[in-house]
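K.L.:
Coordinates in start21.pdb, PDB, C-alpha atoms, are listed below.
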```pdb
ATOM      1  CA  MET A  16       0.000   0.000   0.000
ATOM      2  CA  GLU A  17       1.254   3.494  -0.870
ATOM      3  CA  ILE A  18       2.262   5.695   2.054
ATOM      4  CA  ASP A  19      -0.519   8.255   1.510
ATOM      5  CA  ALA A  20      -3.152   5.519   1.321
ATOM      6  CA  LEU A  21      -1.762   3.883   4.449
ATOM      7  CA  ARG A  22      -1.820   7.195   6.301
ATOM      8  CA  ALA A  23      -5.480   7.733   5.307
ATOM      9  CA  LEU A  24      -6.378   4.183   6.356
ATOM     10  CA  VAL A  25      -4.797   4.598   9.774
ATOM     11  CA  ARG A  26      -6.714   7.831  10.362
ATOM     12  CA  GLU A  27      -9.946   5.884   9.770
ATOM     13  CA  LEU A  28      -8.747   3.053  11.998
ATOM     14  CA  ARG A  29      -8.136   5.494  14.842
ATOM     15  CA  ILE A  30     -11.704   6.738  14.481
ATOM     16  CA  ASP A  31     -12.953   3.146  14.580
ATOM     17  CA  ILE A  32     -10.965   2.557  17.788
ATOM     18  CA  ILE A  33     -12.400   5.638  19.486
ATOM     19  CA  ARG A  34     -15.974   4.757  18.566
ATOM     20  CA  MET A  35     -15.536   1.118  19.650
ATOM     21  CA  LEU A  36     -14.288   2.137  23.066
ATOM     22  CA  GLU A  37     -16.915   4.820  23.500
ATOM     23  CA  ARG A  38     -19.727   2.336  22.809
ATOM     24  CA  ALA A  39     -18.163  -0.311  25.040
ATOM     25  CA  GLY A  40     -17.660   2.113  27.903
ATOM     26  CA  SER A  41     -14.359   0.471  28.784
ATOM     27  CA  GLY A  42     -11.079  -0.517  27.186
ATOM     28  CA  HIS A  43      -7.594   0.745  26.399
ATOM     29  CA  PRO A  44      -7.251   3.698  24.029
ATOM     30  CA  GLY A  45      -3.655   4.744  24.777
ATOM     31  CA  GLY A  46      -1.830   1.664  23.550
ATOM     32  CA  SER A  47      -4.358   0.911  20.814
ATOM     33  CA  LEU A  48      -3.763   4.320  19.248
ATOM     34  CA  SER A  49       0.020   4.003  19.546
ATOM     35  CA  VAL A  50       0.329   0.579  17.881
ATOM     36  CA  VAL A  51      -2.225   0.852  15.075
ATOM     37  CA  ASP A  52       0.223   2.365  12.550
ATOM     38  CA  VAL A  53       2.497  -0.690  12.730
ATOM     39  CA  LEU A  54      -0.373  -3.187  12.692
ATOM     40  CA  ALA A  55      -1.957  -1.578   9.628
ATOM     41  CA  ALA A  56       1.369  -1.534   7.782
ATOM     42  CA  LEU A  57       2.005  -5.175   8.680
ATOM     43  CA  TYR A  58      -1.378  -6.478   7.520
ATOM     44  CA  THR A  59      -1.357  -4.457   4.285
ATOM     45  CA  GLY A  60       2.332  -5.156   3.676
ATOM     46  CA  PRO A  61       4.565  -8.191   4.186
ATOM     47  CA  LEU A  62       2.170 -10.360   6.212
ATOM     48  CA  ARG A  63       1.090 -13.483   4.313
ATOM     49  CA  HIS A  64      -2.552 -14.075   5.167
ATOM     50  CA  LYS A  65      -5.911 -14.868   3.599
ATOM     51  CA  PRO A  66      -8.922 -13.227   5.279
ATOM     52  CA  GLU A  67     -11.192 -15.518   3.273
ATOM     53  CA  ASP A  68      -9.309 -18.531   4.694
ATOM     54  CA  PRO A  69      -8.117 -17.597   8.218
ATOM     55  CA  SER A  70      -6.857 -21.140   8.886
ATOM     56  CA  TRP A  71      -4.660 -21.292   5.775
ATOM     57  CA  PRO A  72      -1.796 -23.545   6.977
ATOM     58  CA  ASP A  73       0.955 -21.456   5.377
ATOM     59  CA  ARG A  74      -0.206 -18.126   6.777
ATOM     60  CA  ASP A  75       2.092 -15.960   8.862
ATOM     61  CA  ARG A  76       1.155 -15.826  12.534
ATOM     62  CA  VAL A  77       0.636 -12.616  14.530
ATOM     63  CA  VAL A  78       0.679 -12.820  18.321
ATOM     64  CA  LEU A  79      -0.643  -9.654  19.947
ATOM     65  CA  SER A  80       1.106 -10.066  23.285
ATOM     66  CA  LYS A  81      -0.197  -6.689  24.484
ATOM     67  CA  GLY A  82      -3.667  -8.161  24.257
ATOM     68  CA  HIS A  83      -5.457  -5.286  25.985
ATOM     69  CA  CYS A  84      -4.793  -3.245  22.825
ATOM     70  CA  CYS A  85      -6.897  -5.596  20.699
ATOM     71  CA  PRO A  86      -9.229  -2.767  19.543
ATOM     72  CA  ALA A  87      -6.436  -1.773  17.156
ATOM     73  CA  LEU A  88      -6.133  -5.309  15.809
ATOM     74  CA  TYR A  89      -9.907  -5.743  15.578
ATOM     75  CA  ALA A  90     -10.148  -2.555  13.517
ATOM     76  CA  VAL A  91      -7.393  -3.783  11.174
ATOM     77  CA  LEU A  92      -8.898  -7.266  10.810
ATOM     78  CA  ALA A  93     -12.295  -5.786   9.958
ATOM     79  CA  ARG A  94     -10.796  -3.593   7.243
ATOM     80  CA  CYS A  95      -8.968  -6.622   5.833
ATOM     81  CA  GLY A  96     -12.237  -8.546   5.589
ATOM     82  CA  TYR A  97     -12.002 -11.056   8.432
ATOM     83  CA  PHE A  98     -15.435  -9.988   9.639
ATOM     84  CA  PRO A  99     -17.918  -7.200   8.806
ATOM     85  CA  ARG A 100     -16.829  -3.777  10.035
ATOM     86  CA  GLU A 101     -20.230  -3.105  11.595
ATOM     87  CA  ARG A 102     -19.458  -5.803  14.164
ATOM     88  CA  LEU A 103     -16.850  -3.540  15.748
ATOM     89  CA  CYS A 104     -19.672  -2.064  17.821
ATOM     90  CA  GLU A 105     -19.850  -5.413  19.651
ATOM     91  CA  LEU A 106     -16.561  -4.806  21.480
ATOM     92  CA  ARG A 107     -16.697  -6.190  25.040
ATOM     93  CA  ARG A 108     -20.333  -7.247  24.788
ATOM     94  CA  LEU A 109     -21.303 -10.460  26.541
ATOM     95  CA  GLY A 110     -21.084 -13.324  24.048
ATOM     96  CA  SER A 111     -19.304 -11.272  21.392
ATOM     97  CA  PRO A 112     -16.163 -12.687  19.711
ATOM     98  CA  LEU A 113     -14.667  -9.203  20.150
ATOM     99  CA  GLN A 114     -13.729  -9.569  23.790
ATOM    100  CA  GLY A 115     -11.652  -7.122  25.809
ATOM    101  CA  HIS A 116      -8.662  -9.405  25.220
ATOM    102  CA  PRO A 117      -8.136 -11.642  22.172
ATOM    103  CA  ASP A 118      -9.967 -14.972  22.066
ATOM    104  CA  ARG A 119      -8.466 -17.273  19.439
ATOM    105  CA  VAL A 120     -11.329 -19.773  19.766
ATOM    106  CA  ARG A 121     -14.096 -17.303  18.967
ATOM    107  CA  LEU A 122     -12.547 -14.900  16.462
ATOM    108  CA  PRO A 123     -11.112 -15.964  13.075
ATOM    109  CA  GLY A 124      -7.719 -14.401  12.434
ATOM    110  CA  MET A 125      -6.712 -14.343  16.092
ATOM    111  CA  GLU A 126      -3.742 -16.626  16.687
ATOM    112  CA  ALA A 127      -3.396 -16.516  20.482
ATOM    113  CA  SER A 128      -5.552 -15.683  23.489
ATOM    114  CA  THR A 129      -3.453 -13.048  25.213
ATOM    115  CA  GLY A 130      -3.738 -10.468  27.943
ATOM    116  CA  SER A 131      -1.651 -11.977  30.712
ATOM    117  CA  LEU A 132       1.258  -9.713  29.927
ATOM    118  CA  GLY A 133       4.749 -11.057  29.388
ATOM    119  CA  GLN A 134       3.703 -14.378  27.858
ATOM    120  CA  GLY A 135       3.234 -13.598  24.166
ATOM    121  CA  LEU A 136       6.864 -13.884  23.110
ATOM    122  CA  SER A 137       7.047 -17.376  24.620
ATOM    123  CA  VAL A 138       3.978 -18.352  22.577
ATOM    124  CA  ALA A 139       5.577 -16.899  19.452
ATOM    125  CA  VAL A 140       8.815 -18.820  20.080
ATOM    126  CA  GLY A 141       6.778 -22.026  20.294
ATOM    127  CA  MET A 142       5.031 -21.250  17.009
ATOM    128  CA  ALA A 143       8.333 -20.500  15.282
ATOM    129  CA  LEU A 144       9.802 -23.777  16.540
ATOM    130  CA  ALA A 145       6.674 -25.619  15.346
ATOM    131  CA  ALA A 146       7.158 -24.155  11.877
ATOM    132  CA  ARG A 147      10.670 -25.594  11.785
ATOM    133  CA  ILE A 148       9.544 -29.021  13.003
ATOM    134  CA  ASP A 149       6.693 -29.116  10.470
ATOM    135  CA  LYS A 150       8.957 -27.765   7.703
ATOM    136  CA  LYS A 151       6.668 -24.788   7.129
ATOM    137  CA  GLY A 152       7.828 -21.471   5.748
ATOM    138  CA  PHE A 153       5.591 -19.125   7.699
ATOM    139  CA  ARG A 154       6.910 -16.226   9.791
ATOM    140  CA  VAL A 155       5.779 -15.393  13.315
ATOM    141  CA  TRP A 156       5.326 -11.762  14.338
ATOM    142  CA  CYS A 157       4.928 -10.884  18.024
ATOM    143  CA  VAL A 158       3.699  -7.420  19.040
ATOM    144  CA  LEU A 159       4.674  -6.453  22.586
ATOM    145  CA  GLY A 160       4.266  -3.478  24.887
ATOM    146  CA  ASP A 161       7.155  -1.815  26.677
ATOM    147  CA  GLY A 162       5.534  -2.239  30.100
ATOM    148  CA  GLU A 163       5.348  -6.010  29.702
ATOM    149  CA  MET A 164       9.052  -6.163  28.827
ATOM    150  CA  GLN A 165       9.667  -5.508  32.523
ATOM    151  CA  GLU A 166       8.711  -9.144  33.135
ATOM    152  CA  GLY A 167      11.366 -11.848  33.140
ATOM    153  CA  GLN A 168       9.550 -14.334  30.930
ATOM    154  CA  GLY A 169      10.010 -12.144  27.864
ATOM    155  CA  TRP A 170      13.785 -12.181  28.267
ATOM    156  CA  GLU A 171      13.804 -15.946  28.794
ATOM    157  CA  ALA A 172      11.929 -16.243  25.493
ATOM    158  CA  ALA A 173      14.445 -13.875  23.882
ATOM    159  CA  MET A 174      17.295 -16.149  25.009
ATOM    160  CA  SER A 175      15.502 -19.198  23.639
ATOM    161  CA  ALA A 176      14.862 -17.555  20.265
ATOM    162  CA  LYS A 177      18.571 -16.884  19.851
ATOM    163  CA  LYS A 178      19.606 -20.346  21.081
ATOM    164  CA  PHE A 179      17.369 -22.057  18.546
ATOM    165  CA  GLY A 180      18.276 -19.647  15.730
ATOM    166  CA  LEU A 181      14.684 -18.646  15.002
ATOM    167  CA  GLY A 182      15.147 -16.623  11.845
ATOM    168  CA  ASN A 183      11.401 -16.879  11.223
ATOM    169  CA  LEU A 184      10.561 -14.804  14.308
ATOM    170  CA  THR A 185      10.190 -11.025  14.458
ATOM    171  CA  ALA A 186       9.214  -9.111  17.594
ATOM    172  CA  ILE A 187       7.801  -5.598  17.451
ATOM    173  CA  VAL A 188       7.964  -3.654  20.704
ATOM    174  CA  ASP A 189       5.571  -0.706  20.950
ATOM    175  CA  LEU A 190       7.660   1.714  23.001
ATOM    176  CA  ASN A 191       5.001   4.281  23.878
ATOM    177  CA  GLY A 192       6.628   5.060  27.227
ATOM    178  CA  GLY A 193       3.546   4.571  29.381
ATOM    179  CA  GLN A 194       1.847   1.899  31.451
ATOM    180  CA  ILE A 195      -1.074   1.839  33.851
ATOM    181  CA  ASP A 196       1.058   3.014  36.804
ATOM    182  CA  GLY A 197       2.769   5.848  34.935
ATOM    183  CA  PRO A 198       5.856   6.422  32.771
ATOM    184  CA  VAL A 199       7.774   3.226  32.030
ATOM    185  CA  ARG A 200      11.078   4.907  32.865
ATOM    186  CA  GLU A 201       9.825   5.585  36.398
ATOM    187  CA  VAL A 202       8.137   2.237  37.051
ATOM    188  CA  MET A 203      11.034   0.095  35.758
ATOM    189  CA  ASP A 204      13.268   1.656  33.137
ATOM    190  CA  LEU A 205      14.016  -0.584  30.134
ATOM    191  CA  GLU A 206      16.777   1.480  28.608
ATOM    192  CA  PRO A 207      19.065   0.824  26.920
ATOM    193  CA  ILE A 208      16.614  -1.681  25.424
ATOM    194  CA  ALA A 209      18.303  -1.819  22.020
ATOM    195  CA  ASP A 210      21.599  -2.788  23.643
ATOM    196  CA  LYS A 211      19.813  -5.437  25.692
ATOM    197  CA  PHE A 212      18.320  -7.114  22.603
ATOM    198  CA  ARG A 213      21.663  -6.958  20.803
ATOM    199  CA  ALA A 214      23.320  -8.570  23.817
ATOM    200  CA  PHE A 215      20.726 -11.330  23.597
ATOM    201  CA  GLY A 216      21.748 -11.931  19.975
ATOM    202  CA  TRP A 217      18.816 -10.321  18.174
ATOM    203  CA  GLY A 218      19.029  -8.290  14.988
ATOM    204  CA  THR A 219      17.780  -4.904  16.145
ATOM    205  CA  ALA A 220      16.183  -1.943  14.374
ATOM    206  CA  GLU A 221      14.906   1.274  15.971
ATOM    207  CA  ILE A 222      12.229   3.319  14.223
ATOM    208  CA  ASP A 223       9.745   6.132  14.671
ATOM    209  CA  GLY A 224       6.562   4.070  14.968
ATOM    210  CA  HIS A 225       4.480   6.831  13.398
ATOM    211  CA  ASP A 226       6.713   7.379  10.343
ATOM    212  CA  PHE A 227       5.174   5.169   7.683
ATOM    213  CA  GLN A 228       8.268   5.051   5.504
ATOM    214  CA  GLN A 229      10.379   3.864   8.424
ATOM    215  CA  ILE A 230       7.690   1.351   9.415
ATOM    216  CA  THR A 231       7.290  -0.178   5.954
ATOM    217  CA  ASP A 232      11.055  -0.316   5.384
ATOM    218  CA  ALA A 233      11.641  -2.046   8.739
ATOM    219  CA  LEU A 234       8.862  -4.575   8.185
ATOM    220  CA  ALA A 235      10.095  -5.395   4.681
ATOM    221  CA  HIS A 236      13.631  -5.924   5.981
ATOM    222  CA  ALA A 237      12.425  -8.083   8.892
ATOM    223  CA  ALA A 238      10.421 -10.288   6.511
ATOM    224  CA  GLN A 239      13.600 -11.436   4.742
ATOM    225  CA  LYS A 240      15.209 -14.762   5.581
ATOM    226  CA  ARG A 241      17.812 -14.557   8.347
ATOM    227  CA  HIS A 242      19.808 -16.745  10.702
ATOM    228  CA  GLY A 243      18.323 -15.493  13.972
ATOM    229  CA  PRO A 244      15.439 -13.534  15.485
ATOM    230  CA  ALA A 245      14.868  -9.842  14.800
ATOM    231  CA  VAL A 246      13.225  -7.081  16.787
ATOM    232  CA  ILE A 247      11.771  -3.746  15.676
ATOM    233  CA  LEU A 248      11.806  -1.182  18.474
ATOM    234  CA  SER A 249       8.963   1.128  17.515
ATOM    235  CA  ARG A 250       9.058   4.398  19.443
ATOM    236  CA  THR A 251       5.541   5.784  19.612
ATOM    237  CA  VAL A 252       3.266   8.175  21.500
ATOM    238  CA  LYS A 253       0.616   6.745  23.801
ATOM    239  CA  GLY A 254      -2.783   7.992  22.635
ATOM    240  CA  LYS A 255      -1.358   9.151  19.287
ATOM    241  CA  GLY A 256      -3.654  11.345  17.225
ATOM    242  CA  VAL A 257      -5.855  12.680  20.034
ATOM    243  CA  TYR A 258      -4.304  15.716  21.695
ATOM    244  CA  PHE A 259      -5.913  15.258  25.113
ATOM    245  CA  MET A 260      -4.802  11.606  25.267
ATOM    246  CA  GLU A 261      -1.273  11.862  23.921
ATOM    247  CA  GLY A 262       1.427  10.866  26.387
ATOM    248  CA  LYS A 263      -0.966  10.587  29.334
ATOM    249  CA  ALA A 264      -0.946   7.409  31.428
ATOM    250  CA  GLU A 265      -4.513   8.105  32.605
ATOM    251  CA  TRP A 266      -5.693   7.054  29.128
ATOM    252  CA  HIS A 267      -4.076   3.651  29.388
ATOM    253  CA  GLY A 268      -7.329   1.957  30.343
ATOM    254  CA  LYS A 269     -10.134   4.520  30.306
ATOM    255  CA  ALA A 270     -12.766   4.756  27.584
ATOM    256  CA  PRO A 271     -13.804   8.186  26.291
ATOM    257  CA  THR A 272     -17.245   9.571  27.028
ATOM    258  CA  ARG A 273     -19.519  10.469  24.124
ATOM    259  CA  GLU A 274     -18.387  14.105  24.307
ATOM    260  CA  GLU A 275     -14.701  13.139  24.465
ATOM    261  CA  ALA A 276     -15.144  10.685  21.589
ATOM    262  CA  ASP A 277     -16.802  13.360  19.452
ATOM    263  CA  ARG A 278     -13.891  15.732  20.131
ATOM    264  CA  ALA A 279     -11.384  13.007  19.260
ATOM    265  CA  VAL A 280     -13.167  12.050  16.037
ATOM    266  CA  GLU A 281     -13.376  15.694  14.996
ATOM    267  CA  GLU A 282      -9.644  16.070  15.491
ATOM    268  CA  LEU A 283      -8.837  12.840  13.645
ATOM    269  CA  SER A 284     -11.172  13.748  10.775
ATOM    270  CA  ARG A 285      -9.191  16.935  10.188
ATOM    271  CA  GLY A 286      -6.115  14.781   9.598
TER     272      GLY A 286
END
```
Render the structure in this file as structure tokens.

P.N.:
Amino acid sequence: MEIDALRALVRELRIDIIRMLERAGSGHPGGSLSVVDVLAALYTGPLRHKPEDPSWPDRDRVVLSKGHCCPALYAVLARCGYFPRERLCELRRLGSPLQGHPDRVRLPGMEASTGSLGQGLSVAVGMALAARIDKKGFRVWCVLGDGEMQEGQGWEAAMSAKKFGLGNLTAIVDLNGGQIDGPVREVMDLEPIADKFRAFGWGTAEIDGHDFQQITDALAHAAQKRHGPAVILSRTVKGKGVYFMEGKAEWHGKAPTREEADRAVEELSRG
């Protein structure tokens, strides 16, 4: 997808996210708005997938480890044709496949039930190993939050990925700098995170996660065959696109009211 078209698509996706959360009355706008640029570029770019056949055996796998930000992924999946876009209004309703955290059993296109933070990279490592055992050529993409990288399990998975030479695994860390308790640097600073991944043997790229040229270039490079795992460190703004949400930890897990949603949509519609 051309950069201008991708930029226009993401603006519409952000509006979808705001309206979903407003109708649900709960959810996580901050991280959903920060990660949607990368998710949109992935699904319209190098990801091998078939919305008309979600169980296609040779599809690439996407593990949304930061599962609370599933409104962003739901919006992308709807635009790709996994389910009708009008179903986005069912977010967090009882019995809906669009739960507050991903449910792989109930929603086509969802590869892992996530939400217990820190576990997604381990799941992705298992999938990448399974691909090798089954002699399959699919790639596994794991999207993580910076707050969950404070947990030890993620680094154990990072060690395993290097040990087993998982060149079919790419991690994307959404470094929006915020978590429910405040700034990441104050809760448990991750820096220098790039040096940490390099020390663990990962190919490492750092990008502006809202610069579509940098995003598409990094994803295309990561999709190439390699000898070991790769990570894209995507530096973003929590609540991106809505001025009263940007960079504010209070919007980690609080849905906008109708008035706030209208203000946000008006701002996003202006581009």

K.L.:
With the PyMOL selection byres ((chain A and resi 137) around 10) as the selection, what would be picked from this file? Answer as a PDB file with C-alpha atoms, keeping the file's coordinate frame, please.

P.N.:
```pdb
ATOM      1  CA  SER A  80       1.106 -10.066  23.285  1.00  0.00           C
ATOM      2  CA  GLY A 133       4.749 -11.057  29.388  1.00  0.00           C
ATOM      3  CA  GLN A 134       3.703 -14.378  27.858  1.00  0.00           C
ATOM      4  CA  GLY A 135       3.234 -13.598  24.166  1.00  0.00           C
ATOM      5  CA  LEU A 136       6.864 -13.884  23.110  1.00  0.00           C
ATOM      6  CA  VAL A 138       3.978 -18.352  22.577  1.00  0.00           C
ATOM      7  CA  ALA A 139       5.577 -16.899  19.452  1.00  0.00           C
ATOM      8  CA  VAL A 140       8.815 -18.820  20.080  1.00  0.00           C
ATOM      9  CA  GLY A 141       6.778 -22.026  20.294  1.00  0.00           C
ATOM     10  CA  MET A 142       5.031 -21.250  17.009  1.00  0.00           C
ATOM     11  CA  ALA A 143       8.333 -20.500  15.282  1.00  0.00           C
ATOM     12  CA  CYS A 157       4.928 -10.884  18.024  1.00  0.00           C
ATOM     13  CA  GLN A 168       9.550 -14.334  30.930  1.00  0.00           C
ATOM     14  CA  GLY A 169      10.010 -12.144  27.864  1.00  0.00           C
ATOM     15  CA  TRP A 170      13.785 -12.181  28.267  1.00  0.00           C
ATOM     16  CA  GLU A 171      13.804 -15.946  28.794  1.00  0.00           C
ATOM     17  CA  ALA A 172      11.929 -16.243  25.493  1.00  0.00           C
ATOM     18  CA  ALA A 173      14.445 -13.875  23.882  1.00  0.00           C
ATOM     19  CA  SER A 175      15.502 -19.198  23.639  1.00  0.00           C
ATOM     20  CA  ALA A 176      14.862 -17.555  20.265  1.00  0.00           C
TER      21      ALA A 176
END
```

K.L.:
List the residues selected by the PyMOL selection byres ((chain A and resi 37) around 10) in the file shown, writing them as JSON, numbers by chain.

P.N.:
{"A": [31, 32, 33, 34, 35, 36, 38, 39, 40, 41, 42, 44, 104, 106, 269, 270, 271, 272, 273, 274, 275, 276, 277]}

K.L.:
Can you list, as a ChimeraX atom specification, the residues that the PyMOL selection byres ((chain A and resi 47) around 10) selects here?

P.N.:
/A:29,32-33,42-46,48-52,54,81-88,90,253-255,267

K.L.:
Please measure the separation of CA of Gly96 in chain A and CA of Lys65 in chain A, giving the value in Å to one decimal.

P.N.:
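Going from CA of Gly96 in chain A over to CA of Lys65 in chain A, I get 9.2 Å.
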
K.L.:
For range 278-282 of chain A, work out the shell of residues within 8 Å, counting only C-alpha atoms and skipping chain neighbours fewer than 5 positions away, then give it as a list in words.

P.N.:
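These residues fall inside the cut-off: Ile30, Ile33, Gly256, Val257 and Tyr258 of chain A.
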
K.L.:
Hey, which of A:Val25, A:Met203, A:Gly197, A:Thr185 ends up closest to Leu62 in chain A? Count only C-alpha atoms.

P.N.:
A:Thr185

K.L.:
Could you list, as a JSON list (two decimals) with C-alpha atoms, keeping the file's coordinate frame, every residue within 8 Å of Pro66 in chain A, counting all atoms listed in the file and ignoring same-chain residues fewer than 6 positions away?

P.N.:
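Saved file around.json follows:
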```
[["chain", "number", "residue", "atom", "x", "y", "z"],
["A", 95, "CYS", "CA", -8.97, -6.62, 5.83],
["A", 96, "GLY", "CA", -12.24, -8.55, 5.59],
["A", 97, "TYR", "CA", -12.00, -11.06, 8.43],
["A", 124, "GLY", "CA", -7.72, -14.40, 12.43]]
```

K.L.:
Find the residue from A:Ser131, A:Pro244, A:Asp75, A:Ser284 that sits nearest to Gly60 in chain A; use all atoms listed in the file when measuring.

P.N.:
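Using all atoms listed in the file, the shortest distance to Gly60 in chain A belongs to A:Asp75.
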
K.L.:
Go ahead and compute the interatomic distance for CA of Thr251 in chain A and CA of Asp204 in chain A, in Å to one decimal.

P.N.:
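Result for CA of Thr251 in chain A versus CA of Asp204 in chain A: 16.1 Å, one decimal.
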
K.L.:
Nearest to Ala186 in chain A: which of A:Ile247, A:Met125, A:Ala145, A:Ala233 is it, counting all atoms listed in the file?

P.N.:
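Nearest candidate to Ala186 in chain A out of A:Ile247, A:Met125, A:Ala145, A:Ala233: A:Ile247.
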
K.L.:
Go ahead and compute the interatomic distance for CA of Asp118 in chain A and CA of Leu132 in chain A, in Å to one decimal.

P.N.:
14.7 Å

K.L.:
Using only C-alpha atoms, find the one residue out of A:Ser128, A:Ser111, A:Ser249, A:Gln239 that sits nearest to Ile208 in chain A.

P.N.:
A:Ser249

K.L.:
A:Leu190, A:Leu113, A:Tyr58, A:Met16: which is nearest Gln228 in chain A, counting all atoms listed in the file?

P.N.:
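With all atoms listed in the file as the atom set, the closest residue is A:Met16.
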